[in-house]
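*Asks:* I am attaching a structure below and will ask some questions about it afterwards.
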Amino acid sequence: MVSSDQRRRQLAREKFERQQQRREEARRRTRRLTVIITSAVAAVAVIGGITYFATGDDGKKDKTDAAASANPSASSSPSPSASEKSAPEPAMKIDKKAKYTLSLKTGQGDIAFTMDAAKTPHTTNSFKSLADKGFFDGTKCHRLTTQGIFVLQCGDPKGDGTGGPGYTIPDENLTALGKPGKDSAVTYPAGTVAMANTGQPHTGGSQFFLVYKDTKLPPTYTPFGTMDKASLKTVEAIGKAGVTGGAADGAPKKAVNISKAAVDKA
């Protein structure tokens with residue numbers, strides 16, 4: 001016959017196991033819901049992402065998840081919702097032979113980059129469509145990484161790494177940076193602008209990242225733009241200022257708020 005003490009211990013153990021299982025499920029959901037950019041080299045940081053973490057049963061932030069997200073080798077990525085996966089991308093309206101310039105007015109200075117429609121027609125067309133609608137106006141660059149990879153990530157209307165435009169676009173121009181090395185990575189040179197994604201093919205949305213220092217990554221992120229020298233210096237200064245709280249990955253200490261985005265023929 002089981003004593004009352006034994007029964008209480010058994011119930012406590014079962015409760016603990018349920019809590020652990022729920023927390024592990026929350027961690028898996030968090031990993032699915034954030035933008036994964038992981039290189040095969042050591043000490044790789046994450047692009048993408050969220051600035052909040054899964055919670056346990058008591059509603060408090062799970063410290064383990066927080067630590068994992070701050071780790072340069074952690075994964076974070078926004079996953080498109082069902083509606084985003086099914087909604088069509090904008091109709092093609094650009095000149096596929098032309099080059100376009102996307103200009104961002106931010107509190108840290110203007111940032112501009114050139115897009116080559118001949119190499120990335122879907123991406124260029126999507127960004128022009130979004131900019132023309134004012135999609136990026138009033139948004140912020142929500143994530144900066146300063147170790148392993150060196151990027152500033154923008155384009156999320158929610159500002160937490162989980163937002164998108166309601167549709168996805170195909171990957172493009174993935175061979176532009178050459179063949180991967182033994183580490184399965186290629187170098188995204190400083191000044192490159194590339195698409196964030198969920199870690200799965202053809203899942204780009206509106207989030208993009210600005211490379212301010214040569215960065216090695218797998219060749220799975222559409223490189224679609226190149227910053228001019230003045231813009232690169234602006235992003236370098238944001239990177240040099242670091243991340244809020246002194247971490248290597250998180251909101252930039254110098255807040256980058258986009259007041260206006262415009263796309264014009266170069």
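As shown in the structure tokens, the chain order sets the letters A, B, ...; within each chain, residues go from 1, and ligands are also counted from 1 in the order they appear.
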Do you know which residues are at most 9 Å from Ala261 (chain A) counting only C-alpha atoms, after dropping those on the same chain fewer than 3 positions away, and could you put them as JSON, numbers by chain?

*Replies:* {"A": [102, 103, 104, 105, 131, 132, 134, 135, 136, 137, 258]}

*Asks:* Pick out the residues sitting within 8 Å of region 227-241 of chain A, and hand them over as a list in words; count only C-alpha atoms, and ignore anything fewer than 6 positions along from it in its own chain.

*Replies:*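 Once the adjacent positions are removed, what remains is Gln108, Gly109, Asp110, Ile111, Ala112, Phe113, Thr114, Leu144, Thr145, Thr146, Phe150, Val151, Leu152, Ala190, Gly191, Thr192, Val193, Leu210, Tyr212, Lys213, Pro252, Lys253 and Lys254 of chain A.
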
*Asks:* Write out as number ranges by chain the set of residues from region 213-262 of chain A that DSSP, computed on the backbone, places in strand (DSSP E or B).

*Replies:* A: 215-217, 223-227, 243, 249-250, 252, 257-262

*Asks:* Can you write out the residues you just picked, keeping all heavy atoms, as a compact mmCIF listing (two decimals), in the first residue's frame?

*Replies:*
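Okay, this is what ended up in again-v3.txt:
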```txt
# COMPACT_ATOMS: atom_id res chain seq x y z
N THR A 215 31.65 38.65 -42.73
CA THR A 215 30.97 37.66 -41.89
C THR A 215 30.80 36.36 -42.65
O THR A 215 30.37 36.35 -43.81
CB THR A 215 29.57 38.18 -41.47
OG1 THR A 215 29.74 39.29 -40.59
CG2 THR A 215 28.76 37.10 -40.76
N LYS A 216 31.15 35.24 -42.02
CA LYS A 216 30.97 33.93 -42.64
C LYS A 216 29.63 33.33 -42.24
O LYS A 216 29.30 33.26 -41.06
CB LYS A 216 32.12 33.00 -42.24
CG LYS A 216 33.39 33.23 -43.03
CD LYS A 216 34.27 31.99 -43.04
CE LYS A 216 35.33 32.08 -44.10
NZ LYS A 216 36.06 30.81 -44.25
N LEU A 217 28.89 32.89 -43.25
CA LEU A 217 27.58 32.28 -43.06
C LEU A 217 27.36 31.24 -44.15
O LEU A 217 28.00 31.31 -45.22
CB LEU A 217 26.48 33.34 -43.17
CG LEU A 217 26.38 34.38 -42.05
CD1 LEU A 217 25.46 35.51 -42.48
CD2 LEU A 217 25.86 33.72 -40.79
N PRO A 223 21.72 37.48 -50.95
CA PRO A 223 22.41 38.76 -50.95
C PRO A 223 21.81 39.63 -52.06
O PRO A 223 21.91 39.29 -53.24
CB PRO A 223 23.87 38.38 -51.25
CG PRO A 223 23.78 37.11 -52.02
CD PRO A 223 22.49 36.43 -51.64
N PHE A 224 21.16 40.72 -51.69
CA PHE A 224 20.42 41.48 -52.71
C PHE A 224 20.78 42.96 -52.75
O PHE A 224 20.26 43.70 -53.61
CB PHE A 224 18.91 41.33 -52.48
CG PHE A 224 18.39 42.04 -51.25
CD1 PHE A 224 17.78 43.28 -51.36
CD2 PHE A 224 18.49 41.46 -50.00
CE1 PHE A 224 17.29 43.94 -50.23
CE2 PHE A 224 18.00 42.10 -48.87
CZ PHE A 224 17.41 43.34 -48.98
N GLY A 225 21.65 43.42 -51.87
CA GLY A 225 21.97 44.84 -51.87
C GLY A 225 23.40 45.11 -51.44
O GLY A 225 24.06 44.26 -50.83
N THR A 226 23.88 46.31 -51.78
CA THR A 226 25.21 46.75 -51.38
C THR A 226 25.12 48.18 -50.87
O THR A 226 24.64 49.07 -51.58
CB THR A 226 26.19 46.69 -52.57
OG1 THR A 226 26.21 45.37 -53.11
CG2 THR A 226 27.60 47.07 -52.12
N MET A 227 25.58 48.39 -49.65
CA MET A 227 25.57 49.74 -49.06
C MET A 227 26.64 50.61 -49.69
O MET A 227 27.71 50.12 -50.08
CB MET A 227 25.82 49.66 -47.55
CG MET A 227 24.67 49.13 -46.74
SD MET A 227 25.03 49.19 -44.96
CE MET A 227 25.94 47.65 -44.76
N VAL A 243 25.63 46.41 -28.04
CA VAL A 243 24.28 45.97 -27.74
C VAL A 243 23.86 46.48 -26.36
O VAL A 243 24.67 46.58 -25.45
CB VAL A 243 24.21 44.42 -27.77
CG1 VAL A 243 22.86 43.90 -27.32
CG2 VAL A 243 24.56 43.92 -29.17
N ASP A 249 24.50 40.08 -28.56
CA ASP A 249 23.38 39.84 -29.46
C ASP A 249 22.11 40.40 -28.82
O ASP A 249 21.71 39.96 -27.74
CB ASP A 249 23.26 38.33 -29.69
CG ASP A 249 22.08 37.95 -30.55
OD1 ASP A 249 21.52 38.82 -31.22
OD2 ASP A 249 21.73 36.75 -30.55
N GLY A 250 21.51 41.38 -29.47
CA GLY A 250 20.30 41.96 -28.91
C GLY A 250 20.01 43.32 -29.53
O GLY A 250 20.53 43.65 -30.59
N PRO A 252 20.30 47.07 -30.46
CA PRO A 252 21.46 47.95 -30.50
C PRO A 252 21.37 49.06 -29.46
O PRO A 252 20.28 49.58 -29.19
CB PRO A 252 21.42 48.52 -31.92
CG PRO A 252 20.02 48.35 -32.38
CD PRO A 252 19.51 47.13 -31.70
N ASN A 257 15.78 53.76 -35.41
CA ASN A 257 14.38 53.90 -35.78
C ASN A 257 14.26 54.43 -37.19
O ASN A 257 14.86 55.47 -37.52
CB ASN A 257 13.67 54.83 -34.79
CG ASN A 257 13.69 54.28 -33.38
OD1 ASN A 257 13.28 53.15 -33.15
ND2 ASN A 257 14.15 55.06 -32.42
N ILE A 258 13.52 53.73 -38.03
CA ILE A 258 13.35 54.11 -39.42
C ILE A 258 12.11 55.01 -39.55
O ILE A 258 10.99 54.55 -39.31
CB ILE A 258 13.21 52.88 -40.31
CG1 ILE A 258 14.46 52.00 -40.21
CG2 ILE A 258 12.96 53.27 -41.77
CD1 ILE A 258 14.32 50.64 -40.87
N SER A 259 12.32 56.24 -39.93
CA SER A 259 11.19 57.15 -40.09
C SER A 259 10.61 57.08 -41.50
O SER A 259 9.40 57.28 -41.70
CB SER A 259 11.60 58.59 -39.79
OG SER A 259 12.65 59.02 -40.63
N LYS A 260 11.46 56.78 -42.48
CA LYS A 260 10.99 56.73 -43.86
C LYS A 260 11.87 55.81 -44.68
O LYS A 260 13.07 55.82 -44.56
CB LYS A 260 11.01 58.14 -44.47
CG LYS A 260 10.51 58.22 -45.91
CD LYS A 260 9.04 57.89 -46.02
CE LYS A 260 8.54 58.03 -47.46
NZ LYS A 260 7.09 57.63 -47.58
N ALA A 261 11.23 55.01 -45.55
CA ALA A 261 11.95 54.16 -46.49
C ALA A 261 11.41 54.43 -47.88
O ALA A 261 10.19 54.57 -48.08
CB ALA A 261 11.77 52.68 -46.15
N ALA A 262 12.31 54.54 -48.86
CA ALA A 262 11.89 54.80 -50.22
C ALA A 262 12.77 54.02 -51.19
O ALA A 262 13.97 53.84 -50.95
CB ALA A 262 11.97 56.30 -50.53
```

*Asks:* Closest to Gln147 (chain A) among A:Ala247, A:Ala117, A:Met195, A:Ala185, using only C-alpha atoms?

*Replies:* A:Ala247

*Asks:* Please identify all polymer residues within 8 Å of region 87-97 of chain A, counting only C-alpha atoms, omitting same-chain residues fewer than 2 positions from it, and present them as a PDB file with all heavy atoms, in the first residue's frame.

*Replies:*
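Once written, around-v8.pdb looks like this:
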```
ATOM      1  N   SER A  83      -1.085  32.325 -42.777  1.00  0.00           N
ATOM      2  CA  SER A  83      -1.527  33.297 -43.767  1.00  0.00           C
ATOM      3  C   SER A  83      -0.353  33.826 -44.572  1.00  0.00           C
ATOM      4  O   SER A  83      -0.457  34.088 -45.767  1.00  0.00           O
ATOM      5  CB  SER A  83      -2.249  34.463 -43.079  1.00  0.00           C
ATOM      6  OG  SER A  83      -1.382  35.123 -42.181  1.00  0.00           O
ATOM      7  N   GLU A  84       0.810  34.002 -43.913  1.00  0.00           N
ATOM      8  CA  GLU A  84       1.983  34.482 -44.625  1.00  0.00           C
ATOM      9  C   GLU A  84       2.439  33.470 -45.656  1.00  0.00           C
ATOM     10  O   GLU A  84       2.916  33.817 -46.719  1.00  0.00           O
ATOM     11  CB  GLU A  84       3.110  34.785 -43.640  1.00  0.00           C
ATOM     12  CG  GLU A  84       2.877  36.059 -42.847  1.00  0.00           C
ATOM     13  CD  GLU A  84       3.955  36.294 -41.806  1.00  0.00           C
ATOM     14  OE1 GLU A  84       4.372  35.314 -41.170  1.00  0.00           O
ATOM     15  OE2 GLU A  84       4.351  37.434 -41.619  1.00  0.00           O
ATOM     16  N   LYS A  85       2.314  32.184 -45.339  1.00  0.00           N
ATOM     17  CA  LYS A  85       2.753  31.146 -46.257  1.00  0.00           C
ATOM     18  C   LYS A  85       1.836  31.060 -47.474  1.00  0.00           C
ATOM     19  O   LYS A  85       2.270  30.685 -48.548  1.00  0.00           O
ATOM     20  CB  LYS A  85       2.796  29.799 -45.538  1.00  0.00           C
ATOM     21  CG  LYS A  85       3.910  29.694 -44.500  1.00  0.00           C
ATOM     22  CD  LYS A  85       3.858  28.354 -43.802  1.00  0.00           C
ATOM     23  CE  LYS A  85       4.960  28.214 -42.759  1.00  0.00           C
ATOM     24  NZ  LYS A  85       4.890  26.947 -42.036  1.00  0.00           N
ATOM     25  N   LYS A  99      18.581  48.888 -61.881  1.00  0.00           N
ATOM     26  CA  LYS A  99      19.047  48.876 -60.502  1.00  0.00           C
ATOM     27  C   LYS A  99      18.221  49.893 -59.713  1.00  0.00           C
ATOM     28  O   LYS A  99      17.817  50.925 -60.250  1.00  0.00           O
ATOM     29  CB  LYS A  99      20.535  49.212 -60.421  1.00  0.00           C
ATOM     30  CG  LYS A  99      21.430  48.126 -61.005  1.00  0.00           C
ATOM     31  CD  LYS A  99      22.903  48.432 -60.781  1.00  0.00           C
ATOM     32  CE  LYS A  99      23.768  47.303 -61.334  1.00  0.00           C
ATOM     33  NZ  LYS A  99      25.217  47.560 -61.111  1.00  0.00           N
ATOM     34  N   ASP A 116      20.124  45.113 -57.393  1.00  0.00           N
ATOM     35  CA  ASP A 116      20.219  44.776 -58.815  1.00  0.00           C
ATOM     36  C   ASP A 116      19.056  43.862 -59.180  1.00  0.00           C
ATOM     37  O   ASP A 116      19.052  42.681 -58.840  1.00  0.00           O
ATOM     38  CB  ASP A 116      21.556  44.092 -59.100  1.00  0.00           C
ATOM     39  CG  ASP A 116      21.826  43.916 -60.592  1.00  0.00           C
ATOM     40  OD1 ASP A 116      20.863  44.006 -61.385  1.00  0.00           O
ATOM     41  OD2 ASP A 116      22.994  43.679 -60.959  1.00  0.00           O
ATOM     42  N   ALA A 117      18.079  44.430 -59.871  1.00  0.00           N
ATOM     43  CA  ALA A 117      16.871  43.664 -60.187  1.00  0.00           C
ATOM     44  C   ALA A 117      17.162  42.492 -61.115  1.00  0.00           C
ATOM     45  O   ALA A 117      16.437  41.492 -61.088  1.00  0.00           O
ATOM     46  CB  ALA A 117      15.820  44.574 -60.812  1.00  0.00           C
ATOM     47  N   ALA A 118      18.217  42.585 -61.918  1.00  0.00           N
ATOM     48  CA  ALA A 118      18.541  41.486 -62.826  1.00  0.00           C
ATOM     49  C   ALA A 118      18.939  40.234 -62.054  1.00  0.00           C
ATOM     50  O   ALA A 118      18.697  39.114 -62.498  1.00  0.00           O
ATOM     51  CB  ALA A 118      19.668  41.904 -63.767  1.00  0.00           C
ATOM     52  N   PRO A 121      15.221  39.813 -58.807  1.00  0.00           N
ATOM     53  CA  PRO A 121      13.970  40.490 -59.188  1.00  0.00           C
ATOM     54  C   PRO A 121      12.855  40.369 -58.158  1.00  0.00           C
ATOM     55  O   PRO A 121      12.142  41.342 -57.887  1.00  0.00           O
ATOM     56  CB  PRO A 121      13.590  39.806 -60.507  1.00  0.00           C
ATOM     57  CG  PRO A 121      14.303  38.484 -60.478  1.00  0.00           C
ATOM     58  CD  PRO A 121      15.590  38.742 -59.753  1.00  0.00           C
ATOM     59  N   HIS A 122      12.691  39.184 -57.571  1.00  0.00           N
ATOM     60  CA  HIS A 122      11.613  39.010 -56.597  1.00  0.00           C
ATOM     61  C   HIS A 122      11.858  39.840 -55.340  1.00  0.00           C
ATOM     62  O   HIS A 122      10.942  40.482 -54.803  1.00  0.00           O
ATOM     63  CB  HIS A 122      11.472  37.523 -56.233  1.00  0.00           C
ATOM     64  CG  HIS A 122      10.941  36.676 -57.341  1.00  0.00           C
ATOM     65  ND1 HIS A 122       9.598  36.492 -57.571  1.00  0.00           N
ATOM     66  CD2 HIS A 122      11.589  35.958 -58.302  1.00  0.00           C
ATOM     67  CE1 HIS A 122       9.424  35.699 -58.606  1.00  0.00           C
ATOM     68  NE2 HIS A 122      10.618  35.361 -59.080  1.00  0.00           N
ATOM     69  N   THR A 124      13.865  42.540 -55.020  1.00  0.00           N
ATOM     70  CA  THR A 124      13.804  43.964 -55.345  1.00  0.00           C
ATOM     71  C   THR A 124      12.366  44.429 -55.518  1.00  0.00           C
ATOM     72  O   THR A 124      11.963  45.476 -54.998  1.00  0.00           O
ATOM     73  CB  THR A 124      14.604  44.246 -56.627  1.00  0.00           C
ATOM     74  OG1 THR A 124      15.953  43.815 -56.452  1.00  0.00           O
ATOM     75  CG2 THR A 124      14.598  45.729 -56.952  1.00  0.00           C
ATOM     76  N   ASN A 125      11.581  43.644 -56.228  1.00  0.00           N
ATOM     77  CA  ASN A 125      10.175  43.997 -56.440  1.00  0.00           C
ATOM     78  C   ASN A 125       9.413  44.046 -55.120  1.00  0.00           C
ATOM     79  O   ASN A 125       8.600  44.952 -54.882  1.00  0.00           O
ATOM     80  CB  ASN A 125       9.525  42.976 -57.376  1.00  0.00           C
ATOM     81  CG  ASN A 125       8.086  43.319 -57.689  1.00  0.00           C
ATOM     82  OD1 ASN A 125       7.791  44.296 -58.367  1.00  0.00           O
ATOM     83  ND2 ASN A 125       7.155  42.503 -57.203  1.00  0.00           N
ATOM     84  N   SER A 126       9.685  43.085 -54.236  1.00  0.00           N
ATOM     85  CA  SER A 126       9.007  43.049 -52.938  1.00  0.00           C
ATOM     86  C   SER A 126       9.364  44.272 -52.100  1.00  0.00           C
ATOM     87  O   SER A 126       8.483  44.907 -51.508  1.00  0.00           O
ATOM     88  CB  SER A 126       9.387  41.769 -52.189  1.00  0.00           C
ATOM     89  OG  SER A 126       8.815  41.764 -50.896  1.00  0.00           O
ATOM     90  N   SER A 129       7.666  47.359 -53.461  1.00  0.00           N
ATOM     91  CA  SER A 129       6.237  47.317 -53.133  1.00  0.00           C
ATOM     92  C   SER A 129       6.002  47.686 -51.665  1.00  0.00           C
ATOM     93  O   SER A 129       5.113  48.493 -51.353  1.00  0.00           O
ATOM     94  CB  SER A 129       5.678  45.918 -53.419  1.00  0.00           C
ATOM     95  OG  SER A 129       4.338  45.805 -52.996  1.00  0.00           O
ATOM     96  N   GLY A 166       3.324  39.226 -44.540  1.00  0.00           N
ATOM     97  CA  GLY A 166       2.122  38.453 -44.859  1.00  0.00           C
ATOM     98  C   GLY A 166       2.319  37.511 -46.029  1.00  0.00           C
ATOM     99  O   GLY A 166       1.379  36.862 -46.467  1.00  0.00           O
ATOM    100  N   TYR A 167       3.555  37.428 -46.544  1.00  0.00           N
ATOM    101  CA  TYR A 167       3.863  36.512 -47.641  1.00  0.00           C
ATOM    102  C   TYR A 167       5.351  36.197 -47.580  1.00  0.00           C
ATOM    103  O   TYR A 167       6.105  36.815 -46.822  1.00  0.00           O
ATOM    104  CB  TYR A 167       3.500  37.134 -48.999  1.00  0.00           C
ATOM    105  CG  TYR A 167       4.239  38.417 -49.294  1.00  0.00           C
ATOM    106  CD1 TYR A 167       5.521  38.428 -49.850  1.00  0.00           C
ATOM    107  CD2 TYR A 167       3.657  39.657 -49.004  1.00  0.00           C
ATOM    108  CE1 TYR A 167       6.201  39.612 -50.108  1.00  0.00           C
ATOM    109  CE2 TYR A 167       4.326  40.840 -49.261  1.00  0.00           C
ATOM    110  CZ  TYR A 167       5.591  40.819 -49.811  1.00  0.00           C
ATOM    111  OH  TYR A 167       6.269  41.989 -50.055  1.00  0.00           O
ATOM    112  N   THR A 168       5.783  35.239 -48.379  1.00  0.00           N
ATOM    113  CA  THR A 168       7.206  34.916 -48.472  1.00  0.00           C
ATOM    114  C   THR A 168       7.659  35.047 -49.925  1.00  0.00           C
ATOM    115  O   THR A 168       6.835  35.014 -50.848  1.00  0.00           O
ATOM    116  CB  THR A 168       7.511  33.503 -47.969  1.00  0.00           C
ATOM    117  OG1 THR A 168       6.744  32.555 -48.732  1.00  0.00           O
ATOM    118  CG2 THR A 168       7.165  33.371 -46.485  1.00  0.00           C
ATOM    119  N   ILE A 169       8.979  35.186 -50.115  1.00  0.00           N
ATOM    120  CA  ILE A 169       9.542  35.314 -51.457  1.00  0.00           C
ATOM    121  C   ILE A 169      10.621  34.251 -51.648  1.00  0.00           C
ATOM    122  O   ILE A 169      11.200  33.768 -50.677  1.00  0.00           O
ATOM    123  CB  ILE A 169      10.117  36.716 -51.699  1.00  0.00           C
ATOM    124  CG1 ILE A 169      11.160  37.074 -50.629  1.00  0.00           C
ATOM    125  CG2 ILE A 169       9.008  37.754 -51.723  1.00  0.00           C
ATOM    126  CD1 ILE A 169      11.826  38.417 -50.839  1.00  0.00           C
TER     127      ILE A 169
END
```

*Asks:* Give me every alpha helix (DSSP H) residue in region 82-181 of chain A, going by DSSP on the backbone, as a list in words.

*Replies:* Ala82, Ser83, Glu84, Lys85, Ser86, Pro121, His122, Thr123, Thr124, Asn125, Ser126, Phe127, Lys128, Ser129, Leu130, Ala131 and Asp132 of chain A

*Asks:* Based on the selection just made, write N, CA and C atoms of those residues as a PDB file, in the first residue's frame.

*Replies:*
```pdb
ATOM      1  N   ALA A  82       0.495  30.884 -41.007  1.00  0.00           N
ATOM      2  CA  ALA A  82      -0.163  30.176 -42.095  1.00  0.00           C
ATOM      3  C   ALA A  82      -0.602  31.141 -43.187  1.00  0.00           C
ATOM      4  N   SER A  83      -1.085  32.325 -42.777  1.00  0.00           N
ATOM      5  CA  SER A  83      -1.527  33.297 -43.767  1.00  0.00           C
ATOM      6  C   SER A  83      -0.353  33.826 -44.572  1.00  0.00           C
ATOM      7  N   GLU A  84       0.810  34.002 -43.913  1.00  0.00           N
ATOM      8  CA  GLU A  84       1.983  34.482 -44.625  1.00  0.00           C
ATOM      9  C   GLU A  84       2.439  33.470 -45.656  1.00  0.00           C
ATOM     10  N   LYS A  85       2.314  32.184 -45.339  1.00  0.00           N
ATOM     11  CA  LYS A  85       2.753  31.146 -46.257  1.00  0.00           C
ATOM     12  C   LYS A  85       1.836  31.060 -47.474  1.00  0.00           C
ATOM     13  N   SER A  86       0.563  31.394 -47.308  1.00  0.00           N
ATOM     14  CA  SER A  86      -0.388  31.215 -48.388  1.00  0.00           C
ATOM     15  C   SER A  86      -0.619  32.484 -49.183  1.00  0.00           C
ATOM     16  N   PRO A 121      15.221  39.813 -58.807  1.00  0.00           N
ATOM     17  CA  PRO A 121      13.970  40.490 -59.188  1.00  0.00           C
ATOM     18  C   PRO A 121      12.855  40.369 -58.158  1.00  0.00           C
ATOM     19  N   HIS A 122      12.691  39.184 -57.571  1.00  0.00           N
ATOM     20  CA  HIS A 122      11.613  39.010 -56.597  1.00  0.00           C
ATOM     21  C   HIS A 122      11.858  39.840 -55.340  1.00  0.00           C
ATOM     22  N   THR A 123      13.105  39.829 -54.876  1.00  0.00           N
ATOM     23  CA  THR A 123      13.437  40.565 -53.668  1.00  0.00           C
ATOM     24  C   THR A 123      13.321  42.074 -53.909  1.00  0.00           C
ATOM     25  N   THR A 124      13.865  42.540 -55.020  1.00  0.00           N
ATOM     26  CA  THR A 124      13.804  43.964 -55.345  1.00  0.00           C
ATOM     27  C   THR A 124      12.366  44.429 -55.518  1.00  0.00           C
ATOM     28  N   ASN A 125      11.581  43.644 -56.228  1.00  0.00           N
ATOM     29  CA  ASN A 125      10.175  43.997 -56.440  1.00  0.00           C
ATOM     30  C   ASN A 125       9.413  44.046 -55.120  1.00  0.00           C
ATOM     31  N   SER A 126       9.685  43.085 -54.236  1.00  0.00           N
ATOM     32  CA  SER A 126       9.007  43.049 -52.938  1.00  0.00           C
ATOM     33  C   SER A 126       9.364  44.272 -52.100  1.00  0.00           C
ATOM     34  N   PHE A 127      10.654  44.626 -52.067  1.00  0.00           N
ATOM     35  CA  PHE A 127      11.060  45.764 -51.257  1.00  0.00           C
ATOM     36  C   PHE A 127      10.497  47.075 -51.806  1.00  0.00           C
ATOM     37  N   LYS A 128      10.433  47.206 -53.113  1.00  0.00           N
ATOM     38  CA  LYS A 128       9.827  48.423 -53.674  1.00  0.00           C
ATOM     39  C   LYS A 128       8.349  48.488 -53.330  1.00  0.00           C
ATOM     40  N   SER A 129       7.666  47.359 -53.461  1.00  0.00           N
ATOM     41  CA  SER A 129       6.237  47.317 -53.133  1.00  0.00           C
ATOM     42  C   SER A 129       6.002  47.686 -51.665  1.00  0.00           C
ATOM     43  N   LEU A 130       6.807  47.122 -50.771  1.00  0.00           N
ATOM     44  CA  LEU A 130       6.640  47.402 -49.346  1.00  0.00           C
ATOM     45  C   LEU A 130       6.964  48.858 -49.021  1.00  0.00           C
ATOM     46  N   ALA A 131       8.062  49.366 -49.585  1.00  0.00           N
ATOM     47  CA  ALA A 131       8.452  50.752 -49.313  1.00  0.00           C
ATOM     48  C   ALA A 131       7.403  51.717 -49.841  1.00  0.00           C
ATOM     49  N   ASP A 132       6.860  51.442 -51.018  1.00  0.00           N
ATOM     50  CA  ASP A 132       5.828  52.316 -51.591  1.00  0.00           C
ATOM     51  C   ASP A 132       4.591  52.384 -50.717  1.00  0.00           C
TER      52      ASP A 132
END
```

*Asks:* Can you measure CA of Arg143 (chain A) to CA of Asp156 (chain A) for me? One decimal in Å is fine.

*Replies:*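 Here the two named atoms are 10.0 Å from each other.
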
*Asks:* Given the choices A:Gln207, A:Arg7, A:Thr175, A:Val186, which gets closest to Gly155 (chain A) if the distance is worked out from only C-alpha atoms?

*Replies:*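 Among the listed residues, the smallest separation from Gly155 (chain A) belongs to A:Gln207.
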
*Asks:* Just how far from CA of Thr162 (chain A) is CA of Val211 (chain A), in Å to one decimal?

*Replies:*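 Straight-line distance from CA of Val211 (chain A) to CA of Thr162 (chain A) works out to 20.3 Å.
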
*Asks:* So, counting only C-alpha atoms, which residue among A:Gly181, A:Gly138, A:Gly148, A:Gly161 is closest to Pro219 (chain A)?

*Replies:*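 Using only C-alpha atoms, the shortest distance to Pro219 (chain A) belongs to A:Gly181.
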
*Asks:* For a test of reading the model, state the distance in Å between CA of Asp264 (chain A) and CA of Cys141 (chain A), rounded to one decimal.

*Replies:* 21.3 Å

*Asks:* Can you work out which one of A:Thr198, A:Thr187, A:Ser206, A:Thr120 has the shortest atom-to-atom distance to Pro218 (chain A), counting only C-alpha atoms?

*Replies:*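 Of A:Thr198, A:Thr187, A:Ser206, A:Thr120, the one nearest Pro218 (chain A) is A:Thr187, counting only C-alpha atoms.
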